[in-house]
Each structure stands twice: as C-alpha cells, then as structure tokens.
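Next up, structure-v1.pdb (PDB, C-alpha atoms, pLDDT in the B column):
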ATOM      1  CA  MET I   1      90.088 172.579  95.276  1.00 55.00           C
ATOM      2  CA  ALA I   2      93.703 171.610  95.667  1.00 56.00           C
ATOM      3  CA  ARG I   3      93.026 170.355  99.176  1.00 58.00           C
ATOM      4  CA  LEU I   4      90.144 168.209  97.823  1.00 52.00           C
ATOM      5  CA  LEU I   5      92.392 166.602  95.216  1.00 52.00           C
ATOM      6  CA  VAL I   6      95.042 165.876  97.832  1.00 48.00           C
ATOM      7  CA  LEU I   7      92.383 164.323 100.070  1.00 53.00           C
ATOM      8  CA  VAL I   8      91.040 162.129  97.240  1.00 49.00           C
ATOM      9  CA  ASN I   9      94.545 160.956  96.321  1.00 56.00           C
ATOM     10  CA  SER I  10      95.264 160.112  99.928  1.00 55.00           C
ATOM     11  CA  VAL I  11      92.077 158.036 100.230  1.00 46.00           C
ATOM     12  CA  VAL I  12      92.835 156.172  96.989  1.00 45.00           C
ATOM     13  CA  LEU I  13      96.368 155.405  98.101  1.00 51.00           C
ATOM     14  CA  LEU I  14      95.107 154.254 101.485  1.00 51.00           C
ATOM     15  CA  LEU I  15      92.502 151.923  99.973  1.00 47.00           C
ATOM     16  CA  PHE I  16      94.948 150.544  97.414  1.00 45.00           C
ATOM     17  CA  GLY I  17      97.572 149.967 100.086  1.00 47.00           C
ATOM     18  CA  SER I  18      95.100 148.224 102.384  1.00 42.00           C
ATOM     19  CA  ASP I  19      93.953 145.947  99.538  1.00 44.00           C
ATOM     20  CA  MET I  20      97.538 145.049  98.740  1.00 44.00           C
ATOM     21  CA  PHE I  21      98.177 144.374 102.403  1.00 41.00           C
ATOM     22  CA  LEU I  22      95.135 142.103 102.681  1.00 41.00           C
ATOM     23  CA  VAL I  23      96.024 140.214  99.519  1.00 44.00           C
ATOM     24  CA  GLY I  24      99.598 139.771 100.690  1.00 51.00           C
ATOM     25  CA  ALA I  25      98.456 138.641 104.109  1.00 61.00           C
ATOM     26  CA  ASN I  26      96.050 136.061 102.620  1.00 81.00           C
ATOM     27  CA  ARG I  27      98.608 134.564 100.259  1.00 87.00           C
ATOM     28  CA  PRO I  28      99.615 131.034 101.300  1.00 92.00           C
ATOM     29  CA  PRO I  29     103.083 130.377 102.681  1.00 93.00           C
ATOM     30  CA  ALA I  30     105.774 128.901 100.499  1.00 95.00           C
ATOM     31  CA  PRO I  31     106.107 125.084 100.373  1.00 96.00           C
ATOM     32  CA  VAL I  32     108.719 123.509 102.615  1.00 95.00           C
ATOM     33  CA  ASN I  33     110.775 120.296 102.597  1.00 96.00           C
ATOM     34  CA  VAL I  34     110.984 120.210  98.816  1.00 97.00           C
ATOM     35  CA  SER I  35     112.810 117.066  97.733  1.00 96.00           C
ATOM     36  CA  VAL I  36     113.496 115.044  94.586  1.00 96.00           C
ATOM     37  CA  MET I  37     113.259 111.251  94.578  1.00 95.00           C
ATOM     38  CA  HIS I  38     112.952 108.326  92.171  1.00 94.00           C
ATOM     39  CA  LEU I  39     115.596 109.734  89.860  1.00 94.00           C
ATOM     40  CA  ARG I  40     115.833 108.190  86.415  1.00 95.00           C
ATOM     41  CA  ALA I  41     117.436 109.151  83.140  1.00 95.00           C
ATOM     42  CA  ASP I  42     114.322 110.900  81.833  1.00 95.00           C
ATOM     43  CA  SER I  43     112.109 111.520  84.869  1.00 96.00           C
ATOM     44  CA  ALA I  44     112.056 112.445  88.547  1.00 97.00           C
ATOM     45  CA  THR I  45     109.435 112.904  91.266  1.00 97.00           C
ATOM     46  CA  VAL I  46     109.201 116.167  93.224  1.00 97.00           C
ATOM     47  CA  SER I  47     107.493 116.211  96.615  1.00 97.00           C
ATOM     48  CA  TRP I  48     106.886 118.972  99.151  1.00 97.00           C
ATOM     49  CA  GLU I  49     104.921 119.906 102.247  1.00 95.00           C
ATOM     50  CA  VAL I  50     102.529 122.764 102.933  1.00 93.00           C
ATOM     51  CA  PRO I  51     102.096 124.356 106.381  1.00 88.00           C
ATOM     52  CA  GLU I  52      98.727 123.562 107.898  1.00 85.00           C
ATOM     53  CA  GLY I  53      96.004 126.152 108.316  1.00 79.00           C
ATOM     54  CA  ASP I  54      95.898 127.465 104.750  1.00 82.00           C
ATOM     55  CA  ILE I  55      93.570 126.522 101.911  1.00 89.00           C
ATOM     56  CA  ILE I  56      95.639 125.266  98.977  1.00 93.00           C
ATOM     57  CA  ILE I  57      93.960 124.654  95.631  1.00 94.00           C
ATOM     58  CA  GLY I  58      96.973 123.825  93.483  1.00 95.00           C
ATOM     59  CA  PHE I  59     100.674 124.188  92.854  1.00 96.00           C
ATOM     60  CA  SER I  60     103.123 125.655  90.390  1.00 96.00           C
ATOM     61  CA  ILE I  61     106.595 124.277  89.588  1.00 97.00           C
ATOM     62  CA  SER I  62     109.346 126.048  87.710  1.00 96.00           C
ATOM     63  CA  GLN I  63     111.867 123.676  86.141  1.00 96.00           C
ATOM     64  CA  GLN I  64     115.074 125.009  84.632  1.00 95.00           C
ATOM     65  CA  ARG I  65     118.293 123.508  83.422  1.00 94.00           C
ATOM     66  CA  GLN I  66     121.266 124.710  85.358  1.00 90.00           C
ATOM     67  CA  ASP I  67     122.920 125.998  82.203  1.00 89.00           C
ATOM     68  CA  GLY I  68     119.838 128.184  81.621  1.00 84.00           C
ATOM     69  CA  HIS I  69     119.080 126.852  78.131  1.00 81.00           C
ATOM     70  CA  MET I  70     115.539 125.694  78.898  1.00 84.00           C
ATOM     71  CA  GLN I  71     112.862 126.578  81.413  1.00 89.00           C
ATOM     72  CA  ARG I  72     109.474 124.947  81.939  1.00 94.00           C
ATOM     73  CA  PHE I  73     106.492 125.822  84.109  1.00 94.00           C
ATOM     74  CA  ILE I  74     104.010 123.280  85.439  1.00 95.00           C
ATOM     75  CA  ARG I  75     100.779 124.576  86.942  1.00 94.00           C
ATOM     76  CA  GLU I  76      97.866 122.531  88.300  1.00 94.00           C
ATOM     77  CA  VAL I  77      94.762 123.707  90.151  1.00 93.00           C
ATOM     78  CA  ASN I  78      91.853 121.959  91.871  1.00 92.00           C
ATOM     79  CA  THR I  79      94.193 119.414  93.362  1.00 91.00           C
ATOM     80  CA  THR I  80      95.540 118.615  96.823  1.00 89.00           C
ATOM     81  CA  SER I  81      98.513 116.653  95.536  1.00 92.00           C
ATOM     82  CA  ARG I  82     101.869 117.237  97.203  1.00 94.00           C
ATOM     83  CA  SER I  83     103.980 115.593  94.517  1.00 96.00           C
ATOM     84  CA  CYS I  84     104.533 115.793  90.785  1.00 96.00           C
ATOM     85  CA  VAL I  85     106.412 113.665  88.242  1.00 96.00           C
ATOM     86  CA  LEU I  86     108.731 115.524  85.868  1.00 96.00           C
ATOM     87  CA  TRP I  87     108.903 113.859  82.452  1.00 94.00           C
ATOM     88  CA  ASP I  88     110.988 114.288  79.298  1.00 94.00           C
ATOM     89  CA  LEU I  89     114.198 115.101  81.143  1.00 95.00           C
ATOM     90  CA  GLU I  90     117.610 114.705  79.574  1.00 94.00           C
ATOM     91  CA  GLU I  91     120.048 112.189  80.936  1.00 94.00           C
ATOM     92  CA  GLU I  92     123.021 113.358  83.008  1.00 94.00           C
ATOM     93  CA  THR I  93     121.652 116.887  83.166  1.00 95.00           C
ATOM     94  CA  ASP I  94     121.517 119.284  86.093  1.00 96.00           C
ATOM     95  CA  TYR I  95     118.158 120.870  86.900  1.00 97.00           C
ATOM     96  CA  ILE I  96     116.905 123.470  89.370  1.00 97.00           C
ATOM     97  CA  ILE I  97     113.299 123.512  90.558  1.00 97.00           C
ATOM     98  CA  GLN I  98     111.139 125.728  92.754  1.00 97.00           C
ATOM     99  CA  VAL I  99     107.601 125.080  93.985  1.00 97.00           C
ATOM    100  CA  GLN I 100     104.799 127.548  94.724  1.00 96.00           C
ATOM    101  CA  SER I 101     101.453 126.934  96.406  1.00 96.00           C
ATOM    102  CA  ILE I 102      98.285 128.325  94.848  1.00 95.00           C
ATOM    103  CA  GLY I 103      95.649 129.614  97.267  1.00 93.00           C
ATOM    104  CA  LEU I 104      92.348 131.420  97.004  1.00 90.00           C
ATOM    105  CA  TYR I 105      94.048 134.826  96.873  1.00 88.00           C
ATOM    106  CA  GLY I 106      97.043 134.073  94.705  1.00 91.00           C
ATOM    107  CA  GLU I 107     100.324 132.215  94.697  1.00 94.00           C
ATOM    108  CA  SER I 108     102.846 131.929  97.472  1.00 95.00           C
ATOM    109  CA  GLN I 109     106.444 132.911  97.246  1.00 95.00           C
ATOM    110  CA  ALA I 110     108.720 130.392  95.581  1.00 96.00           C
ATOM    111  CA  SER I 111     110.319 127.742  97.730  1.00 96.00           C
ATOM    112  CA  LYS I 112     114.038 127.337  98.114  1.00 95.00           C
ATOM    113  CA  LYS I 113     115.857 126.193  94.990  1.00 96.00           C
ATOM    114  CA  VAL I 114     116.503 122.467  94.785  1.00 97.00           C
ATOM    115  CA  HIS I 115     119.180 121.019  92.532  1.00 97.00           C
ATOM    116  CA  PHE I 116     119.251 117.479  91.133  1.00 97.00           C
ATOM    117  CA  ARG I 117     120.958 115.561  88.342  1.00 96.00           C
ATOM    118  CA  THR I 118     119.405 112.863  86.196  1.00 96.00           C
ATOM    119  CA  LEU I 119     120.994 109.446  85.722  1.00 95.00           C
ATOM    120  CA  LYS I 120     122.434 107.687  82.713  1.00 92.00           C
ATOM    121  CA  LYS I 121     120.146 105.475  80.681  1.00 88.00           C
ATOM    122  CA  SER I 122     122.448 102.560  81.434  1.00 83.00           C
ATOM    123  CA  ASP I 123     122.233 103.144  85.198  1.00 67.00           C
ATOM    124  CA  ARG I 124     119.799 100.925  87.009  1.00 58.00           C
ATOM    125  CA  PHE I 125     117.419 102.563  89.383  1.00 53.00           C
ATOM    126  CA  PRO I 126     118.213 101.244  92.897  1.00 53.00           C
ATOM    127  CA  SER I 127     115.473  99.081  94.306  1.00 45.00           C
ATOM    128  CA  ASN I 128     114.714 100.145  97.856  1.00 44.00           C
ATOM    129  CA  SER I 129     111.721 100.675 100.084  1.00 40.00           C
ATOM    130  CA  SER I 130     111.242 104.260  98.894  1.00 42.00           C
ATOM    131  CA  ASN I 131     110.108 102.937  95.512  1.00 46.00           C
ATOM    132  CA  GLN I 132     106.847 101.853  97.097  1.00 46.00           C
ATOM    133  CA  ASP I 133     105.769 105.492  97.256  1.00 50.00           C
ATOM    134  CA  ASP I 134     106.182 105.952  93.507  1.00 49.00           C
ATOM    135  CA  PRO I 135     102.771 105.994  91.753  1.00 49.00           C
ATOM    136  CA  THR I 136     104.352 104.238  88.748  1.00 46.00           C
ATOM    137  CA  VAL I 137     105.717 101.424  90.904  1.00 47.00           C
ATOM    138  CA  GLN I 138     102.426 101.140  92.766  1.00 48.00           C
ATOM    139  CA  GLY I 139     100.585 100.788  89.471  1.00 50.00           C
ATOM    140  CA  LEU I 140     102.954  98.013  88.370  1.00 46.00           C
ATOM    141  CA  ASP I 141     102.552  96.198  91.679  1.00 50.00           C
ATOM    142  CA  LYS I 142      98.753  96.366  91.438  1.00 52.00           C
ATOM    143  CA  SER I 143      98.779  95.034  87.885  1.00 51.00           C
ATOM    144  CA  ARG I 144     101.092  92.194  88.935  1.00 53.00           C
ATOM    145  CA  HIS I 145      98.852  91.293  91.861  1.00 54.00           C
ATOM    146  CA  LEU I 146      95.824  91.457  89.572  1.00 53.00           C
ATOM    147  CA  GLN I 147      97.409  89.162  86.997  1.00 63.00           C
ATOM    148  CA  THR I 148      98.443  86.689  89.699  1.00 70.00           C
ATOM    149  CA  GLY I 149      94.931  86.659  91.170  1.00 68.00           C
ATOM    150  CA  GLU I 150      93.376  86.117  87.745  1.00 71.00           C
ATOM    151  CA  MET I 151      95.709  83.186  87.053  1.00 77.00           C
ATOM    152  CA  ILE I 152      94.830  81.586  90.404  1.00 83.00           C
ATOM    153  CA  ILE I 153      91.104  81.932  89.683  1.00 83.00           C
ATOM    154  CA  ILE I 154      91.515  80.395  86.225  1.00 85.00           C
ATOM    155  CA  VAL I 155      93.512  77.456  87.594  1.00 82.00           C
ATOM    156  CA  VAL I 156      90.932  76.793  90.334  1.00 81.00           C
ATOM    157  CA  VAL I 157      88.066  76.881  87.827  1.00 81.00           C
ATOM    158  CA  LEU I 158      89.877  74.484  85.501  1.00 86.00           C
ATOM    159  CA  VAL I 159      90.621  72.053  88.351  1.00 86.00           C
ATOM    160  CA  MET I 160      86.996  72.146  89.528  1.00 87.00           C
ATOM    161  CA  TRP I 161      85.778  71.545  85.967  1.00 81.00           C
ATOM    162  CA  ALA I 162      88.172  68.607  85.529  1.00 86.00           C
ATOM    163  CA  VAL I 163      87.067  67.037  88.837  1.00 83.00           C
ATOM    164  CA  ARG I 164      83.382  67.386  87.970  1.00 82.00           C
ATOM    165  CA  HIS I 165      83.955  66.037  84.481  1.00 80.00           C
ATOM    166  CA  TYR I 166      85.812  63.020  85.878  1.00 81.00           C
ATOM    167  CA  GLN I 167      83.102  62.389  88.483  1.00 82.00           C
ATOM    168  CA  GLY I 168      80.425  62.618  85.782  1.00 79.00           C
ATOM    169  CA  GLN I 169      82.219  60.081  83.607  1.00 80.00           C
ATOM    170  CA  ARG I 170      82.672  57.725  86.553  1.00 79.00           C
ATOM    171  CA  LEU I 171      78.980  58.048  87.447  1.00 81.00           C
ATOM    172  CA  GLN I 172      77.921  57.318  83.867  1.00 79.00           C
ATOM    173  CA  GLN I 173      80.263  54.315  83.762  1.00 80.00           C
ATOM    174  CA  GLN I 174      78.886  52.940  87.036  1.00 78.00           C
ATOM    175  CA  GLN I 175      75.318  53.468  85.863  1.00 75.00           C
ATOM    176  CA  GLY I 176      76.110  51.652  82.607  1.00 73.00           C
ATOM    177  CA  GLU I 177      77.656  48.711  84.459  1.00 70.00           C
ATOM    178  CA  GLY I 178      74.627  48.515  86.766  1.00 68.00           C
ATOM    179  CA  GLN I 179      72.224  48.510  83.855  1.00 66.00           C
ATOM    180  CA  ALA I 180      74.220  45.743  82.149  1.00 63.00           C
ATOM    181  CA  ILE I 181      74.049  43.544  85.294  1.00 61.00           C
ATOM    182  CA  VAL I 182      70.322  44.126  85.615  1.00 56.00           C
ATOM    183  CA  ARG I 183      69.779  43.193  81.977  1.00 60.00           C
ATOM    184  CA  GLU I 184      71.772  39.987  82.387  1.00 58.00           C
ATOM    185  CA  GLU I 185      69.715  39.025  85.424  1.00 56.00           C
ATOM    186  CA  HIS I 186      66.434  39.738  83.630  1.00 55.00           C
ATOM    187  CA  THR I 187      67.466  37.909  80.459  1.00 55.00           C
ATOM    188  CA  GLY I 188      68.955  34.889  82.297  1.00 51.00           C
ATOM    189  CA  ALA I 189      65.976  34.102  84.558  1.00 47.00           C
ATOM    190  CA  PRO I 190      63.388  33.436  81.858  1.00 49.00           C
ATOM    191  CA  GLN I 191      65.787  31.135  79.985  1.00 48.00           C
ATOM    192  CA  TRP I 192      66.228  28.982  83.101  1.00 47.00           C
ATOM    193  CA  ARG I 193      62.501  28.872  83.726  1.00 50.00           C
ATOM    194  CA  SER I 194      61.748  28.012  80.121  1.00 48.00           C
ATOM    195  CA  ALA I 195      64.191  25.069  80.361  1.00 46.00           C
ATOM    196  CA  GLU I 196      62.379  23.745  83.411  1.00 47.00           C
ATOM    197  CA  GLU I 197      59.109  24.092  81.642  1.00 49.00           C
ATOM    198  CA  GLN I 198      60.548  22.177  78.664  1.00 47.00           C
ATOM    199  CA  VAL I 199      62.016  19.386  80.799  1.00 46.00           C
ATOM    200  CA  SER I 200      59.086  18.976  83.177  1.00 48.00           C
ATOM    201  CA  PRO I 201      56.677  17.540  80.569  1.00 48.00           C
ATOM    202  CA  VAL I 202      59.243  14.911  79.572  1.00 45.00           C
ATOM    203  CA  ARG I 203      59.663  13.868  83.172  1.00 49.00           C
ATOM    204  CA  ALA I 204      55.902  13.734  83.528  1.00 45.00           C
ATOM    205  CA  VAL I 205      55.643  11.452  80.500  1.00 43.00           C
ATOM    206  CA  ASN I 206      58.365   9.163  81.809  1.00 48.00           C
ATOM    207  CA  GLN I 207      56.726   8.906  85.161  1.00 46.00           C
ATOM    208  CA  HIS I 208      53.403   8.097  83.478  1.00 47.00           C
ATOM    209  CA  HIS I 209      54.978   5.209  81.589  1.00 47.00           C
TER     210      HIS I 209
END
Spell out the structure here as structure tokens.
Amino acid sequence: MARLLVLVNSVVLLLFGSDMFLVGANRPPAPVNVSVMHLRADSATVSWEVPEGDIIIGFSISQQRQDGHMQRFIREVNTTSRSCVLWDLEEETDYIIQVQSIGLYGESQASKKVHFRTLKKSDRFPSNSSNQDDPTVQGLDKSRHLQTGEMIIIVVVLVMWAVRHYQGQRLQQQQGEGQAIVREEHTGAPQWRSAEEQVSPVRAVNQHH
C-alpha cells in the first residue's frame, strides 16, 4: 500500500512538472528595445518590439514613480499594438516602466526597467521628425489637411457659382438688347410705309391736275 501511494505521488509530481514545463516553454519572450518618446509634462509614449515567431495577443505595462509612492498597471488584450500612451503623469517626475507580452499561454517575463522624466509645463516639446510617428500629431495633421481641402473645395464652388451667375446676367442682358433692337425695327418699318401710303395719294392727285 505504501509503495502504491509513493507511485501515485510520483506520477502526480511528474505530470504537474511536465505541465509547468510546457506552460513555461510556451510563454512568449519578454519585449525588447523598450523606449520612451514624445515626452511632455503630463504624457509620454512607450514603444517596444516583440521577437518574431510568437503569437502575441496583448501587452501589460507597469508604471511606477521612482519614489515608490504610486504604481499603475495597464493591460490590453486582443491587440497587436507595439506602443502605448501614458496619460495623467505629473510634471518633472521620474518614472520607471516595464512591459510584458501576453500570449496564448500566459504573460512573458517583464522587460528591462526603463527610466524617464517628464517635462515642465512651460517647456515646449521639440518639433522634430520623430513627432510624425505620434498618433496625436498624426491626427492633428489629418484634421489640418481635411480643413484645408474643405476650404479649397468651398472656394472653387463659390468661384464657379460667381462665374456662372455673371455669364447668366450677361446672356440675359444681351438677349434683352437684341429684343429691343428687333422691336425697334418692327415698329419703325410700318411707320415709314404708312407715310408713303399717305403721301402717294397726294402726289397722285397733283399729277392728275
């Protein structure tokens, strides 16, 4: 009986250990090249890379102040994004972040710690080419392009309407002038003929005498 219990315990430990080994082997690798960009007084953008060959369904970010007074966790699934915007940060404050990948069989180990410091509210964010990768800046650029395109369309429509309106007025004016000339010709001819008809009998009488 004792040997049977020992055998059962051994099998259970073996199965449990193999399951743990398989789960650990199927966990995704930790993110690499974690970096912080687009620093502002109250926000920052975190980006990272994931080694190819693994199925990633989300990410998890741990955000902590360096003084240890506050810690926040951000977790998103069903996404392939490799960046995240951190909001509601305090100005001139040091933060430490770590990123984890979420796979089908669990989360990866945490990435290396990355330190960054937010700016002052009075500091201007430097305008450089890296801003073009910021989703916020891209949204502003698209809205500016959209507003510019709408203004161009409105101006073109107004110009076309003004040209057509002017051409219509000119055509009506020319038609009115033509009708006036035709009326003068029609009204003048009968008067001249009627004068001839009035004079001709007098001449006929004179010639008869």
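Each of I:Arg75, I:Lys113, I:Lys120, I:Arg82 was checked against Glu49 of chain I using all atoms listed in the file; the smallest atom-to-atom distance is that of I:Arg82.
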Go ahead and compute the interatomic distance for atom CA of Val85 of chain I and atom CA of Asn33 of chain I, in Å to one decimal.
16.4 Å
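Note that atom CA of Ser108 of chain I and atom CA of Asn78 of chain I are 15.9 Å apart.
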On this structure, the PyMOL selection byres ((chain I and resi 43) around 12) would catch which residues? List them as an NGL selection string, sorted by chain and number.
:I and (36-42 or 44-46 or 84-93 or 95 or 116-121 or 125 or 134 or 136)
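Near Ser62 of chain I, within 6 Å and counting all atoms listed in the file, sit I:Arg72, I:Phe73, I:Ile97, I:Gln98; same-chain residues fewer than 2 positions away were not included.
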Find the residues near Pro51 of chain I: any atom within 12 Å, counting all atoms listed in the file, skip ones fewer than 4 places away on the same chain, and give them as an NGL selection string.
:I and (28-33 or 55-56 or 82 or 101 or 108)
Adding 3 Å on each side of the box along x, y and z that holds all listed atoms of segment 149-159 of chain I, could you give its centre and edge lengths in Å to one decimal, as AutoDock Vina command-line options?
--center_x 91.9 --center_y 79.4 --center_z 88.3 --size_x 13.6 --size_y 20.6 --size_z 11.7
Residues at most 8 Å from Glu76 of chain I, counting only C-alpha atoms, excluding those fewer than 3 positions away in the same chain, as a list of chain:residue names?
I:Gly58, I:Phe59, I:Ser60, I:Thr79
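Going from atom CA of Lys112 of chain I to atom CA of Val99 of chain I covers 8.0 Å.
Proximity ranking of I:Glu150, I:Arg27, I:His69, I:Val34 relative to Ser111 of chain I places I:Val34 first, based on only C-alpha atoms.
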